[in-house]
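Presented below is the structure to which this report refers.
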Amino acid sequence: MDIDPIRSAHPAPTPLHTACFGLGSNDHPVANLSAAAQRLANDCTLRGVSRVWESPADGCQAPNYLNAAVLVETSLSESEIVALSKQIERDLGRQRTQPPPITVSIDIDLLVFDNQVRRNSLWSRAYCAVPVAELMPALQCPASGESLAIVAGRLAAETQISFHSHLQVTTNHSSNTVSNVNREER
C-alpha cells in the first residue's frame, strides 16, 4: 500500500462549527454570566457577545433574569458542545431539581448550531430571540420566512424585556467579563 507523503504530513483540517448560546441567570447574574462567557471562550473561539437584557422569570414568581447570547466557533461536535455547556452549568452551581428552583445560577442553552435552530423557543421567547438577534439578525424562521431581527422586534414589543445599559459583556483577546459601566442608555 502506497502512502501519499503530502497527505500524511498534512492531516485534513478539523471542520469548524458555529454555535450560539443563550445565557440566563437570576442568582448572582453578573458573576455567573461573566463566568459562563469566560468558560465558553476558554474552550471555543469567541465571535460575538450580545448586550445584557433583563426579563421576568418565565412562568413562575421568581427574580428577574439577566440574559445574553454568545456566538462561538468550535471544532467540537454538537453533542460535545452541549456536554461542555452542561458541565459549565454544573461547575457554576446549577441545580436541576423537581420542582425547578426559584433562582438559577446559570442556564446555558444551545440555541443555534451551524445555522440550524436547536430550540424553538428562539422564535417565541423574547429572552432568547432579542439577544441572539444582535448576533444573527438574518437567521430565517422556517415557518414564517421572517428574519430573527423581525421576530425579536415583535417579541420585544409584546414582552417586558429591557436593555441593561449599566451592564455589558465585554470581550477582549484574553477575557470576557460582565461589568458595570457608566454610560447613557442608547
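Going through the C-alpha cells in order, the chains are called A, B, and so on, while each chain numbers its residues from 1 and the ligands are numbered from 1 in the order shown.
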
Segment 147-155 of chain A surroundings by only C-alpha atoms, 10 Å radius, close-in-sequence under 6 positions cut, as a VMD selection string: chain A and resid 122 to 141 161

DSSP alpha helix (DSSP H) residues within segment 128-174 of chain A, as a ChimeraX atom specification: /A:128-135,148-158

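Taking atom CA of Glu80 of chain A and atom CA of Gln95 of chain A as the two end points, the separation is 20.6 Å.
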
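From atom CA of Asn26 of chain A back to atom CA of Leu40 of chain A, the distance works out to 19.3 Å.
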
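If you measure from each of A:Ser25, A:Thr45, A:Asn67, A:Ser50 to Ser162 of chain A using only C-alpha atoms, the closest one turns out to be A:Asn67.
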
For Gln61 of chain A: contacts at 12 Å, only C-alpha atoms, fewer than 3 positions along chain excluded, given as JSON, numbers by chain: {"A": [26, 56, 57, 58, 64, 65, 100, 101, 102, 103]}

Kindly export the residues of the current selection with C-alpha atoms, as a compact mmCIF listing (two decimals), in the first residue's frame.
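Wrote it out as selection_38.txt, contents follow:
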```
# COMPACT_ATOMS: atom_id res chain seq x y z
CA ASN A 26 -31.24 35.24 38.29
CA PRO A 56 -39.16 38.40 34.01
CA ALA A 57 -38.89 34.75 35.01
CA ASP A 58 -40.82 32.59 32.56
CA ASN A 64 -35.92 38.68 37.02
CA TYR A 65 -33.28 37.15 34.80
CA PRO A 100 -37.32 23.69 39.49
CA PRO A 101 -35.63 26.12 41.88
CA ILE A 102 -36.78 29.76 42.04
CA THR A 103 -33.25 31.02 41.44
```

Of the listed residues A:Leu167, A:Leu66, A:Ile108, A:Val49, that which approaches Leu84 of chain A most closely, counting only C-alpha atoms: A:Ile108

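We find atom CA of Arg47 of chain A and atom CA of Glu73 of chain A to be spaced 6.7 Å apart.
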
Who sits within 12 Å of Arg90 of chain A, only C-alpha atoms, same chain under 3 positions skipped, as a PyMOL selection string: chain A and resi 32+36+83-87+93-96+104-108
